[in-house]
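Q: The structure's right below; bear with me while I get my questions together.
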Amino acid sequence: MQMFLRHKWIIAAGLIPALVIYTMFSIYPILSSVYYSFFKWDGFSPKQWHGLQNYVNLIGDGVFWQSIRNNLYFVLFSVLGEIPLGLYLAMMLNGKLFRRDGIFRTVFFMPVVISTIVVSLIWNMFYNYQFGLVNTALRAVGLDHWAQNWLGNPAIAIFVLCIVVVWQYTGLYMVIFLAALQNVPSEVLEAAELDGAVGIKRTWHIVVPIIADTIFASVVLCISGALRAFDLIFIMTNGGPSHSTEVGATYMFSQTFSSMKYGYGSAISTAIIIISFGLIIISQFILRTLKR
Amino acid sequence: MEQRLRPKRPISAQIHRLVLLLLLVINIYPLLWMVINSLKTEQELTMNPFGIARQPVWSNYIEAWKVAKLGSYLVNSIIVTLSAVVLTLLVGALAAFFLSRFEFKSKGFLLVYFTFGMLIPIHATLVPLFIEMRSLHLMDNRLTLLLPYTAFNLPITIFILAGFMNAFPKEVEEAGIMDGCSVMGIFGRLILPMLTPALATAFIINFLNNWNEFSFALVLITDGALKTLPLGLANFAGQYNRSYTLQMAGLTIVLVPTLLFYLSVQKYLTAGMTAGAVKG
Amino acid sequence: MKMKWAKTFWVYLLVTAMIGVLSACGQSDNTNTASGNTGNAGNTEQKQVVLSFMTTWSESDPFTGVYYKNAMAFEKANPDIKLDIETIPYNDYPVKLNTTAAGGNLPDLILMIGGGSMFEQIARSGALMPIDDMMGNWKEDFLPSSKIKEFNVDGKQYGIPGEVSYTTVIYYNKKILKDAGYTEFPTTYEAFKAMVKDLKAKNITPISYGNKTGSVLLASLLSPLNERISGPDLYAKIKSGEQKFTDPDFMNALKDIKELSDMGAFNVDLNSIDNVQATNLFLSGKSAMYIDGSWGAKQISKDKAADFEVGFAVFPQIEGGKGSMSTMPGATNQGVVLNAKLDDAKKAAAEKFLQFMYSEESYQNIMRAGNMVPANVTAPTDIDPLFKEMTGVLAGVKGITPVYDIVMPATVVTATKNGLQGLTTPGGSTPEAVAEDLQKELGQ
C-alpha cells in the first residue's frame, strides 16, 4: 500500500467529487438551518437575533422531550427488532435450506419496495377501530374487550407504530446482510451448516465477526433512520392524538410549517442531529466492546 | 439454540420453514389487500374493507392515471431516479474505495463528516436549499433534483460500500500490485467486480429513496413538465375529500415498475465473490 | 473473471453515456426556460402576458374543480393573457407557500386558501400587493365589505374570497333519530345533550367526527360553543388581553367538550380518522349525527345511498349564553392575491383575472358546484337539491363570527388542536391544563 501513499492526489481526486456534492447540497443547507436556529423568524419577516433562547425554550419544552422519547422507542424497536430479524432472514435465505426459494427473498423485501404512503394507508386500515382487520379478528374470536382504538390510545399508539416500522424495514436489513454474507467464503458457511445443521448459534459465531462492519453500519442506519422518522407518523397519526405519537421530525415540521416558528424548528432539527450523533457514538462504543 | 451440536434434524428445518411461511403471508397480504381494494368503490371500502370487490371498478385505474398525471410524471421519475442513482453510485463507490482501503490522516474525520449526512432531518433543509438552488440558478431543470438526491444518498451509499469493502482481504491489493495494476486498475478490475452485491444493495436503497422522495420535489420544482410521481400521488387528497380507492389504484400502478426494477436487480445481491475471482 | 470485467466495462459505458445525456438535458432545459421567459413576447404577434399562478385548484377535485374551470374560461376569453398554473396538493400547499415565500420567490399570483395568520404574516412582510385601487370593480351591494374582511390586513385589501363556509353544520340521520323518538332536532343545548345521552344509552354512537388533523373539533365544536357561550367577540378579547383562556367563558367551552367526550358522544376513534372516513361512518348508519362544515354536504350528497335521509341542523342555543342561533362561525376561502413585484402589464392582466374570477357569472358557477358565496348573486336554478335544502335550513343565520384558526396566532392554533385532542382522549388532558397551556402559548 505504501507505494500509493505517495500519490496523495489520487486519494484526493477520488474523494473530491463526493465531498463537493455532499458539502454543497447537504451540509451547507443544514448549516444554514443551524444558523437560523439562533433567530426568531417566522419565515417571512426580518429575522431577529434570538441568541440561545430557542435552545433554552427547547430544554423546557415537554413536547420536545416526549417526541425524543418516542424516537428512542423507534430506535429500540429498530435496533432490536429489524436487525436481528433481518440477520435471521438473511442467514436463512443464504443457507442451503432456502437458497433456491427466490420467492422468499422477493416477498420479504416487498415492504421496503412499496412507498411509505402505501404502508401508512394499509396499516391505518388494519388498525381502524370500527372496520379494521385487527379488531375484526379479535371480535371474531370473542376477544371483544381487547379490541382497541389502536392509533388513538396514547398509551399504546407509539408501540403500534413501532410494529409497522419493524414490518417496513426488516427487509432492508435482510438485503444488506444478504449482500454482506456474500463476503463469507462458501466453505466456511458450508462447514458451519454441516456440523450444526441449520443451528443458528454456530453459524452466528462464525458469520457475525466477518460481517461485523456491516452490522455496525446497519446500527448507524437504524439510529439515523429512527431519529429522522417522519412520513409514516405524519400520514398515520400526524403526531396525535395530542402529541402522543409526536417524534422529533414531525414536531419540527409542525413548529416550522404550521406554527411558523422557523427559528425554533431549526433548533429542534439541530437538537435531533446532536442527539442522534450522541446515540451513534454510544452504540458504536457498545458494539466495539461487545466485539472484543 | 442449545450449546450442544446435533446432527441435521429435519424438525428444526420445518420450524424455520414455518416461520418463513408465516412471514411470507404477513409480508404479502397487505399488498394483495391494496390491489383488491383498488377495485372497490369508496363506500364499499369503508363498509367491507376485507372482502373481495363485489363488482370490480376498473375505471378506478383510468381515473387514477389521469388524476395523478402518471403519464408524464412516470417518465420524469425514471429519469431523475436513475440518473441520481448512477451518479451516487459512481461517486460513492470511488469515495468508499479510498475511505476503506487506504490509510490517511483525515480519514477518521471524513468518516464522521459523512455520518452527519445521515442524521439530517430533511425538512430542516427545505428553505435553505430552496434559496441556494435559486441563487445557483438551478431551479426547475433536470439537475435540480439530481444534486440534492445524490448529496443526501451519498452517506448511506458510502457506508454500505465501505463497510462491505472492509471485509475484503488485504491480498486483493497485493495481488493487484504484483500484476502491476495502477490504483484505478485495482479499483476497476479487482474491487468493483467483488462489490457487486453491495452495489446492488446501494442501488436498491438509492432507487427507492429517490423514487419515493416528496419534499424536495415539492419545493424545488414548479414546472409541471418536470414533476415526479410522488407529487402526482398526493393529488388524491384534497381539502375536504380524499379518494382512498383511487389512491390505491394509483399506488398499484406505480408499484409495478418498482417491483420489476427490484426483480431485475435482486439476483446481483447474491452474485458475489464467492463465485469467483479472489479467494481469501 | 473475463466475463465480469466485460460486464463492468459495459456498466461504465452506460454510466458515462447517461451523464452525457443528462448534462445535455440540463443545458437544453436551461436555454429553453431562458428563451421561454424572454422569447414568448416575440413569438406571438400580440404581446402575451404570462402570469405564473400557484394554487391548489385542480380539474379533478370536486371542491376546487369549479375554480380551475373558471380560470380556464378566463384564459379562453383573454387570449393575450396566459396563466402558468402550478397545482399543489392541498395538504402540501402550506409547505410550498412557506418555502417560496421565505425564499423570496413567490409567483405572480398566489392562492390564499383562507385568511389567518399565515396570510397576514406574508402580507405584512410586504410580499403581496394591496388591491385597494382595483376595488372599484366591485360595488358594495354586490360584495359587502363585511364578507371580504378576512382578506384585509391593516386596512389594506389583498384579495377577494370565492366562497363562504359555515364551519358547523349538524348533519343527522333522520331515520335513526326518528326511531329513537326525535322528530324535531333539539334547539337547546340541554335538550341536545339529553338526546346524546339517550342515543348512547340505546347503543348508538351519537356523533361522528373526523378530527385526525385536529382542525375539525376546532372549527366545528369549539368555535360554535365559544359563540353560543360568549357571543361573537371572545377571540378579540382574548387576543387583546381583556379576557384569558383560563377565564370562565373559554373554560366552560372546554368543559363542555370534555363532558361530551366523557358521556361517549363521539366515535371512539375521532382523533384517528379523517373527515372522509367519519362521513362514511355516518352514511353507513354507524352514527346518528355527523358534524362538520357546510362543505361536508358535498360528499354526503355524492356518496349517500338513495334511501338515506339526511337532516340539517344549526348548533343549538345555550341557555344563559350571550350567543344566538342566528349567528354561526364561518370562514371565507379561495382568494387569489398578487405578488408585490408585478410590473404594470402584469398588474393590469392580474386585475382582469380578478375581475373575471370574482364576477357574478363565476360566483354562480361556484354556487352550482355546491358552495355558498360572499357576493349577492341570484342563485342559479340548477343547483344540487340537497345543497339547496341545507341553505334553506341555514337561511336563518344572519351573522358570521370568525373561526378560531383564522383569528388566533398559528402557534396558539397548533396548541389548541393538540389540546382538544387531549380533552377527547381517555386519560388525556383536563380543561384547566389545556387553558393554561394556551394562555402560556399566547403570551410568548
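Chains: A, B, ... in order of the C-alpha cells. Residues: from 1 per chain. Ligands: from 1, in order shown.
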Taking 4 positions as the minimum chain separation for residues in the same chain, which residues sit within 7 Å of Glu351 in chain C when counting only C-alpha atoms? Answer as a list in words.
A: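 Near Glu351 in chain C, the qualifying residues are Met134, Lys347 and Gln355 of chain C.
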Q: Might you pull out every residue within 12 Å of Ser242 in chain A, with only C-alpha atoms counted and same-chain residues fewer than 3 positions away left off, and present them as an NGL selection string?
A: (:A and (63 or 66-67 or 151-155 or 157 or 237-239 or 245-246 or 251)) or (:C and (211-214 or 271-272 or 414-429 or 434))
Q: Near chain C, which residues of chain B fall within 8 Å when you count only C-alpha atoms, and what do they look like as an MDAnalysis selection string?
A: chainID B and resid 43 46:47 67 83 86:87 126:128 130:131 141:143 188:189 192:193 218:219 222:224 231 234:235 237:242 276:277
Q: Store the residues picked out above in a file with N, CA and C atoms, as a short mmCIF file (atom, residue, chain, number, x, y, z; two decimals), in the first residue's frame.
A:
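Wrote it out as again-v4.cif, contents follow:
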```
data_model
loop_
_atom_site.label_atom_id
_atom_site.label_comp_id
_atom_site.auth_asym_id
_atom_site.auth_seq_id
_atom_site.Cartn_x
_atom_site.Cartn_y
_atom_site.Cartn_z
N GLN B 43 -67.46 3.64 -0.74
CA GLN B 43 -68.29 3.15 0.36
C GLN B 43 -68.02 1.68 0.66
N THR B 46 -65.12 1.34 2.90
CA THR B 46 -65.37 1.61 4.30
C THR B 46 -66.17 0.50 4.96
N MET B 47 -67.20 0.04 4.26
CA MET B 47 -68.10 -0.94 4.85
C MET B 47 -67.50 -2.33 4.90
N VAL B 67 -55.81 11.50 -12.68
CA VAL B 67 -55.70 12.41 -11.54
C VAL B 67 -54.24 12.61 -11.13
N SER B 83 -30.76 8.65 -12.98
CA SER B 83 -29.54 9.45 -13.11
C SER B 83 -28.94 9.72 -11.74
N VAL B 86 -27.20 6.52 -10.48
CA VAL B 86 -25.93 6.24 -11.17
C VAL B 86 -24.84 7.19 -10.68
N LEU B 87 -25.18 8.46 -10.60
CA LEU B 87 -24.19 9.43 -10.14
C LEU B 87 -23.74 9.10 -8.71
N LEU B 126 -35.23 22.42 3.68
CA LEU B 126 -36.03 22.85 2.53
C LEU B 126 -35.83 24.31 2.17
N VAL B 127 -35.96 25.17 3.17
CA VAL B 127 -35.83 26.60 2.86
C VAL B 127 -34.41 26.96 2.45
N PRO B 128 -33.39 26.55 3.22
CA PRO B 128 -32.02 26.89 2.77
C PRO B 128 -31.70 26.33 1.39
N PHE B 130 -33.75 25.67 -1.00
CA PHE B 130 -34.52 26.44 -1.98
C PHE B 130 -33.76 27.73 -2.33
N ILE B 131 -33.30 28.43 -1.29
CA ILE B 131 -32.59 29.69 -1.52
C ILE B 131 -31.29 29.42 -2.28
N ASN B 141 -34.87 22.56 -13.47
CA ASN B 141 -34.40 21.80 -14.62
C ASN B 141 -34.04 20.38 -14.16
N ARG B 142 -33.48 19.61 -15.07
CA ARG B 142 -33.26 18.21 -14.74
C ARG B 142 -32.20 18.01 -13.66
N LEU B 143 -31.33 19.01 -13.50
CA LEU B 143 -30.29 18.86 -12.49
C LEU B 143 -30.80 19.20 -11.09
N GLY B 188 -11.02 -0.70 -10.49
CA GLY B 188 -11.90 -1.11 -11.58
C GLY B 188 -11.88 -2.61 -11.83
N ARG B 189 -10.70 -3.22 -11.76
CA ARG B 189 -10.62 -4.61 -12.19
C ARG B 189 -10.77 -5.60 -11.06
N LEU B 192 -14.25 -3.52 -7.91
CA LEU B 192 -15.63 -3.35 -8.40
C LEU B 192 -16.36 -4.67 -8.63
N PRO B 193 -15.72 -5.63 -9.32
CA PRO B 193 -16.45 -6.88 -9.54
C PRO B 193 -16.83 -7.58 -8.23
N LEU B 218 -41.38 18.65 -4.20
CA LEU B 218 -42.47 19.61 -3.99
C LEU B 218 -41.95 21.04 -4.04
N VAL B 219 -40.85 21.26 -3.34
CA VAL B 219 -40.40 22.62 -3.12
C VAL B 219 -39.53 23.13 -4.27
N THR B 222 -41.20 23.69 -9.87
CA THR B 222 -42.50 24.33 -10.09
C THR B 222 -43.05 24.01 -11.47
N ASP B 223 -42.15 23.64 -12.37
CA ASP B 223 -42.57 23.36 -13.73
C ASP B 223 -43.30 22.01 -13.79
N GLY B 224 -44.55 22.05 -14.21
CA GLY B 224 -45.35 20.83 -14.27
C GLY B 224 -44.74 19.76 -15.14
N LEU B 231 -45.51 13.52 -6.25
CA LEU B 231 -46.36 14.70 -6.27
C LEU B 231 -47.71 14.37 -6.88
N ALA B 234 -50.04 12.54 -4.56
CA ALA B 234 -50.63 13.32 -3.49
C ALA B 234 -51.92 13.99 -3.93
N ASN B 235 -52.22 13.91 -5.22
CA ASN B 235 -53.42 14.57 -5.74
C ASN B 235 -54.72 13.93 -5.29
N ALA B 237 -55.79 13.47 -2.33
CA ALA B 237 -56.36 14.06 -1.13
C ALA B 237 -56.51 15.55 -1.32
N GLY B 238 -57.72 16.03 -1.21
CA GLY B 238 -57.96 17.46 -1.29
C GLY B 238 -58.23 18.01 0.10
N GLN B 239 -58.80 19.22 0.15
CA GLN B 239 -59.04 19.83 1.45
C GLN B 239 -60.12 19.08 2.22
N TYR B 240 -61.19 18.75 1.53
CA TYR B 240 -62.31 18.12 2.23
C TYR B 240 -62.56 16.71 1.74
N ASN B 241 -61.80 16.27 0.79
CA ASN B 241 -62.12 14.97 0.22
C ASN B 241 -60.86 14.17 0.03
N ARG B 242 -61.03 12.90 -0.07
CA ARG B 242 -59.89 12.04 -0.25
C ARG B 242 -60.42 10.77 -0.86
N GLY B 276 -16.20 -16.30 -7.52
CA GLY B 276 -15.04 -16.36 -8.39
C GLY B 276 -13.73 -15.75 -7.99
N ALA B 277 -13.49 -14.60 -8.45
CA ALA B 277 -12.16 -14.04 -8.64
C ALA B 277 -11.14 -14.37 -7.54
#
```
Q: Which one of B:Lys69, B:Arg101, B:Lys40, B:Arg17 sits closest to Leu229 in chain B if you count only C-alpha atoms?
A: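 When distances to Leu229 in chain B are compared using only C-alpha atoms, the smallest one comes from B:Lys69.
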Q: Rank A:Ile273, A:Ile103, A:Ala140, A:Leu290 by their smallest atom-to-atom distance to chain B, using only C-alpha atoms, and report the top residue only.
A: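 Of A:Ile273, A:Ile103, A:Ala140, A:Leu290, the one nearest chain B is A:Ile273, counting only C-alpha atoms.
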Q: Would you kindly return, as a PDB file with N, CA, C and O atoms, in the first residue's frame, each protein, DNA or RNA residue with an atom no farther than 10 Å from any atom of Met251 in chain C, considering only C-alpha atoms and excluding same-chain residues fewer than 2 positions away?
A:
```pdb
ATOM      1  N   ASN C 226     -67.948  28.477  21.735  1.00  0.00           N
ATOM      2  CA  ASN C 226     -67.484  29.798  22.145  1.00  0.00           C
ATOM      3  C   ASN C 226     -68.504  30.865  21.769  1.00  0.00           C
ATOM      4  O   ASN C 226     -68.798  31.758  22.562  1.00  0.00           O
ATOM      5  N   LYS C 244     -59.009  35.989  29.399  1.00  0.00           N
ATOM      6  CA  LYS C 244     -57.970  34.980  29.345  1.00  0.00           C
ATOM      7  C   LYS C 244     -58.570  33.635  28.953  1.00  0.00           C
ATOM      8  O   LYS C 244     -59.755  33.405  29.161  1.00  0.00           O
ATOM      9  N   PHE C 245     -57.723  32.752  28.438  1.00  0.00           N
ATOM     10  CA  PHE C 245     -58.183  31.389  28.162  1.00  0.00           C
ATOM     11  C   PHE C 245     -58.655  30.716  29.450  1.00  0.00           C
ATOM     12  O   PHE C 245     -59.512  29.852  29.433  1.00  0.00           O
ATOM     13  N   THR C 246     -58.051  31.137  30.553  1.00  0.00           N
ATOM     14  CA  THR C 246     -58.365  30.485  31.821  1.00  0.00           C
ATOM     15  C   THR C 246     -59.598  31.079  32.497  1.00  0.00           C
ATOM     16  O   THR C 246     -60.035  30.576  33.531  1.00  0.00           O
ATOM     17  N   ASP C 247     -60.168  32.154  31.909  1.00  0.00           N
ATOM     18  CA  ASP C 247     -61.390  32.726  32.480  1.00  0.00           C
ATOM     19  C   ASP C 247     -62.574  31.806  32.190  1.00  0.00           C
ATOM     20  O   ASP C 247     -62.533  30.999  31.257  1.00  0.00           O
ATOM     21  N   PRO C 248     -63.651  31.965  32.992  1.00  0.00           N
ATOM     22  CA  PRO C 248     -64.774  31.013  32.882  1.00  0.00           C
ATOM     23  C   PRO C 248     -65.338  30.880  31.464  1.00  0.00           C
ATOM     24  O   PRO C 248     -65.707  29.780  31.054  1.00  0.00           O
ATOM     25  N   ASP C 249     -65.400  31.982  30.695  1.00  0.00           N
ATOM     26  CA  ASP C 249     -66.016  31.903  29.374  1.00  0.00           C
ATOM     27  C   ASP C 249     -65.400  30.808  28.517  1.00  0.00           C
ATOM     28  O   ASP C 249     -66.091  29.930  27.993  1.00  0.00           O
ATOM     29  N   ALA C 253     -66.408  26.325  27.658  1.00  0.00           N
ATOM     30  CA  ALA C 253     -66.462  25.631  26.370  1.00  0.00           C
ATOM     31  C   ALA C 253     -65.614  24.360  26.429  1.00  0.00           C
ATOM     32  O   ALA C 253     -66.027  23.286  25.976  1.00  0.00           O
ATOM     33  N   LEU C 254     -64.410  24.480  27.017  1.00  0.00           N
ATOM     34  CA  LEU C 254     -63.545  23.301  27.121  1.00  0.00           C
ATOM     35  C   LEU C 254     -64.209  22.228  27.978  1.00  0.00           C
ATOM     36  O   LEU C 254     -64.161  21.038  27.664  1.00  0.00           O
ATOM     37  N   LYS C 255     -64.862  22.690  29.068  1.00  0.00           N
ATOM     38  CA  LYS C 255     -65.517  21.714  29.952  1.00  0.00           C
ATOM     39  C   LYS C 255     -66.661  21.008  29.242  1.00  0.00           C
ATOM     40  O   LYS C 255     -66.895  19.815  29.435  1.00  0.00           O
ATOM     41  N   ASP C 256     -67.388  21.782  28.408  1.00  0.00           N
ATOM     42  CA  ASP C 256     -68.477  21.167  27.645  1.00  0.00           C
ATOM     43  C   ASP C 256     -67.947  20.072  26.715  1.00  0.00           C
ATOM     44  O   ASP C 256     -68.561  19.009  26.575  1.00  0.00           O
ATOM     45  N   ILE C 257     -66.808  20.362  26.080  1.00  0.00           N
ATOM     46  CA  ILE C 257     -66.230  19.369  25.169  1.00  0.00           C
ATOM     47  C   ILE C 257     -65.848  18.101  25.940  1.00  0.00           C
ATOM     48  O   ILE C 257     -66.137  16.987  25.536  1.00  0.00           O
ATOM     49  N   PRO C 431     -59.448  20.280  31.147  1.00  0.00           N
ATOM     50  CA  PRO C 431     -59.700  21.619  30.608  1.00  0.00           C
ATOM     51  C   PRO C 431     -58.750  22.657  31.209  1.00  0.00           C
ATOM     52  O   PRO C 431     -58.233  23.515  30.493  1.00  0.00           O
ATOM     53  N   GLU C 432     -58.496  22.547  32.496  1.00  0.00           N
ATOM     54  CA  GLU C 432     -57.628  23.516  33.161  1.00  0.00           C
ATOM     55  C   GLU C 432     -56.230  23.512  32.542  1.00  0.00           C
ATOM     56  O   GLU C 432     -55.657  24.557  32.232  1.00  0.00           O
ATOM     57  N   VAL C 434     -55.302  22.452  29.606  1.00  0.00           N
ATOM     58  CA  VAL C 434     -55.314  22.945  28.227  1.00  0.00           C
ATOM     59  C   VAL C 434     -55.341  24.469  28.223  1.00  0.00           C
ATOM     60  O   VAL C 434     -54.571  25.130  27.514  1.00  0.00           O
ATOM     61  N   ALA C 435     -56.224  25.049  29.042  1.00  0.00           N
ATOM     62  CA  ALA C 435     -56.359  26.504  29.056  1.00  0.00           C
ATOM     63  C   ALA C 435     -55.066  27.183  29.487  1.00  0.00           C
ATOM     64  O   ALA C 435     -54.631  28.169  28.892  1.00  0.00           O
ATOM     65  N   GLU C 436     -54.443  26.631  30.499  1.00  0.00           N
ATOM     66  CA  GLU C 436     -53.193  27.233  30.965  1.00  0.00           C
ATOM     67  C   GLU C 436     -52.118  27.186  29.890  1.00  0.00           C
ATOM     68  O   GLU C 436     -51.384  28.142  29.657  1.00  0.00           O
TER      69      GLU C 436
END
```
Q: Just the alpha helix (DSSP H) stuff from range 91-246 of chain B, please, per backbone DSSP, written as a VMD selection string.
A: chain B and resid 91 to 101 107 to 117 126 to 135 142 to 166 171 to 178 183 to 185 192 to 194 196 to 212 215 to 220 229 to 233 244 to 246
Q: Pick out the residues sitting within 7 Å of range 408-411 of chain C, and hand them over as a list in words; count only C-alpha atoms, and ignore anything fewer than 6 positions along from it in its own chain.
A: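 Counting only the stated atoms, we get Ser258, Ser259 and Met260 of chain A; Ser117 and Glu441 of chain C.
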Q: For the selection you just gave me, I'd like the residues written to a file as a PDB file, in the first residue's frame, keeping C-alpha atoms.
A:
```
ATOM      1  CA  SER A 258     -47.866  25.143  10.964  1.00  0.00           C
ATOM      2  CA  SER A 259     -46.828  27.375  13.828  1.00  0.00           C
ATOM      3  CA  MET A 260     -44.380  29.283  11.637  1.00  0.00           C
TER       4      MET A 260
ATOM      5  CA  SER C 117     -52.027  34.235  10.391  1.00  0.00           C
ATOM      6  CA  GLU C 441     -48.543  29.956  24.255  1.00  0.00           C
TER       7      GLU C 441
END
```
Q: Residues of chain A near chain C: apply a cut-off of 10 Å, count only C-alpha atoms, and supply the list as a ChimeraX atom specification.
A: /A:41-46,124-125,127-131,148-155,234-244,253-262
Q: May I have the residues from that selection written out with C-alpha atoms, as a PDB file, in the first residue's frame?
A:
```pdb
ATOM      1  CA  TRP A  41     -38.087  34.102  12.480  1.00  0.00           C
ATOM      2  CA  ASP A  42     -41.495  33.313  11.032  1.00  0.00           C
ATOM      3  CA  GLY A  43     -40.048  32.693   7.572  1.00  0.00           C
ATOM      4  CA  PHE A  44     -41.287  35.962   6.078  1.00  0.00           C
ATOM      5  CA  SER A  45     -40.494  38.916   8.299  1.00  0.00           C
ATOM      6  CA  PRO A  46     -36.933  40.067   9.008  1.00  0.00           C
ATOM      7  CA  ASN A 124     -54.173   2.628   9.043  1.00  0.00           C
ATOM      8  CA  MET A 125     -56.978   0.492   7.704  1.00  0.00           C
ATOM      9  CA  TYR A 127     -55.787  -0.613  12.847  1.00  0.00           C
ATOM     10  CA  ASN A 128     -59.112   1.116  12.192  1.00  0.00           C
ATOM     11  CA  TYR A 129     -61.357   0.877  15.218  1.00  0.00           C
ATOM     12  CA  GLN A 130     -64.650   0.069  13.505  1.00  0.00           C
ATOM     13  CA  PHE A 131     -63.713  -1.938  10.467  1.00  0.00           C
ATOM     14  CA  GLN A 148     -58.830  -1.134  20.747  1.00  0.00           C
ATOM     15  CA  ASN A 149     -58.637   2.238  19.187  1.00  0.00           C
ATOM     16  CA  TRP A 150     -55.059   1.308  18.375  1.00  0.00           C
ATOM     17  CA  LEU A 151     -53.806   4.566  16.969  1.00  0.00           C
ATOM     18  CA  GLY A 152     -55.918   6.778  19.199  1.00  0.00           C
ATOM     19  CA  ASN A 153     -54.917   5.372  22.560  1.00  0.00           C
ATOM     20  CA  PRO A 154     -51.968   7.449  23.786  1.00  0.00           C
ATOM     21  CA  ALA A 155     -50.709   4.602  25.957  1.00  0.00           C
ATOM     22  CA  PHE A 234     -47.111  12.118   9.602  1.00  0.00           C
ATOM     23  CA  ILE A 235     -49.553  10.153   7.492  1.00  0.00           C
ATOM     24  CA  MET A 236     -50.774   7.654  10.063  1.00  0.00           C
ATOM     25  CA  THR A 237     -51.360   9.814  13.124  1.00  0.00           C
ATOM     26  CA  ASN A 238     -49.980  13.257  12.326  1.00  0.00           C
ATOM     27  CA  GLY A 239     -48.225  13.047  15.706  1.00  0.00           C
ATOM     28  CA  GLY A 240     -51.527  12.811  17.550  1.00  0.00           C
ATOM     29  CA  PRO A 241     -53.652  12.385  19.419  1.00  0.00           C
ATOM     30  CA  SER A 242     -52.360  15.312  21.360  1.00  0.00           C
ATOM     31  CA  HIS A 243     -48.631  14.780  20.677  1.00  0.00           C
ATOM     32  CA  SER A 244     -48.693  11.191  21.946  1.00  0.00           C
ATOM     33  CA  PHE A 253     -42.272  20.135  10.897  1.00  0.00           C
ATOM     34  CA  SER A 254     -45.361  21.384  12.698  1.00  0.00           C
ATOM     35  CA  GLN A 255     -43.422  24.066  14.558  1.00  0.00           C
ATOM     36  CA  THR A 256     -41.887  25.263  11.301  1.00  0.00           C
ATOM     37  CA  PHE A 257     -44.711  24.985   8.827  1.00  0.00           C
ATOM     38  CA  SER A 258     -47.866  25.143  10.964  1.00  0.00           C
ATOM     39  CA  SER A 259     -46.828  27.375  13.828  1.00  0.00           C
ATOM     40  CA  MET A 260     -44.380  29.283  11.637  1.00  0.00           C
ATOM     41  CA  LYS A 261     -41.686  29.325  14.269  1.00  0.00           C
ATOM     42  CA  TYR A 262     -38.893  28.857  11.805  1.00  0.00           C
TER      43      TYR A 262
END
```
Q: Which residue, A:Ala147, A:Ile156, A:Leu227, A:Ile286, has the smallest gap to chain B when you use only C-alpha atoms?
A: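 Of the candidates, the smallest distance to chain B is held by A:Leu227.
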Q: Should the cut-off be 6 Å, what would the residue list for chain A against chain B look like, counting only C-alpha atoms, as a PyMOL selection string?
A: chain A and resi 14-15+18+21-22+25-26+29-30+179+182+185+196-197+213-214+224+228+273
Q: Taking 3 positions as the minimum chain separation for residues in the same chain, which residues sit within 9 Å of Leu181 in chain A when counting only C-alpha atoms? Answer as a list in words.
A: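 These residues fall inside the cut-off: Ala90, Met91, Asn94, Ile176, Phe177, Leu178, Val184, Pro185, Val207, Ile210 and Ile211 of chain A; Thr270 and Gly272 of chain B.
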Q: If you count only C-alpha atoms, which residues fall within 7 Å of Ala64 in chain B, apart from same-chain ones fewer than 5 positions away, as a VMD selection string?
A: chain B and resid 246 to 247 249 to 250
Q: Could you write out the selected residues, including N, CA and C atoms, as an mmCIF file, in the first residue's frame?
A:
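Now in part19.cif:
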```
data_model
loop_
_atom_site.group_PDB
_atom_site.id
_atom_site.type_symbol
_atom_site.label_atom_id
_atom_site.label_comp_id
_atom_site.auth_asym_id
_atom_site.auth_seq_id
_atom_site.Cartn_x
_atom_site.Cartn_y
_atom_site.Cartn_z
ATOM 1 N N LEU B 246 -59.051 5.353 -5.340
ATOM 2 C CA LEU B 246 -58.249 5.854 -6.460
ATOM 3 C C LEU B 246 -56.780 5.879 -6.080
ATOM 4 N N GLN B 247 -56.529 6.294 -4.848
ATOM 5 C CA GLN B 247 -55.149 6.351 -4.400
ATOM 6 C C GLN B 247 -54.505 4.968 -4.466
ATOM 7 N N ALA B 249 -55.390 2.552 -6.393
ATOM 8 C CA ALA B 249 -55.195 2.194 -7.794
ATOM 9 C C ALA B 249 -53.925 2.853 -8.319
ATOM 10 N N GLY B 250 -53.754 4.128 -8.001
ATOM 11 C CA GLY B 250 -52.552 4.841 -8.439
ATOM 12 C C GLY B 250 -51.300 4.209 -7.877
#
```
Q: Please, what distance in Å, to one decimal, runs between CA of Phe266 in chain C and CA of Leu394 in chain C?
A: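 For CA of Phe266 in chain C relative to CA of Leu394 in chain C, the distance reads 23.9 Å.
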Q: Can you tell me, as an NGL selection string, what residues are no more than 9 Å from Ala53 in chain B when counting only C-alpha atoms, ignoring any on the same chain fewer than 3 positions away?
A: :B and (36-41 or 44-45 or 48 or 56-57)
Q: Would you please extract all strand (DSSP E) residues from range 241-345 of chain C, as assigned by DSSP on the backbone, and give them as an MDAnalysis selection string?
A: chainID C and resid 287:292 310:313 327:339
Q: Would you compute the distance between CA of Thr188 in chain C and CA of Pro316 in chain C? Give it in Å to one decimal.
A: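 Straight-line distance from CA of Thr188 in chain C to CA of Pro316 in chain C works out to 4.9 Å.
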Q: Quick one: distance from CA of Val337 in chain C to CA of Leu109 in chain C in Å, one decimal?
A: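 Between these atoms lies a distance of 5.8 Å.
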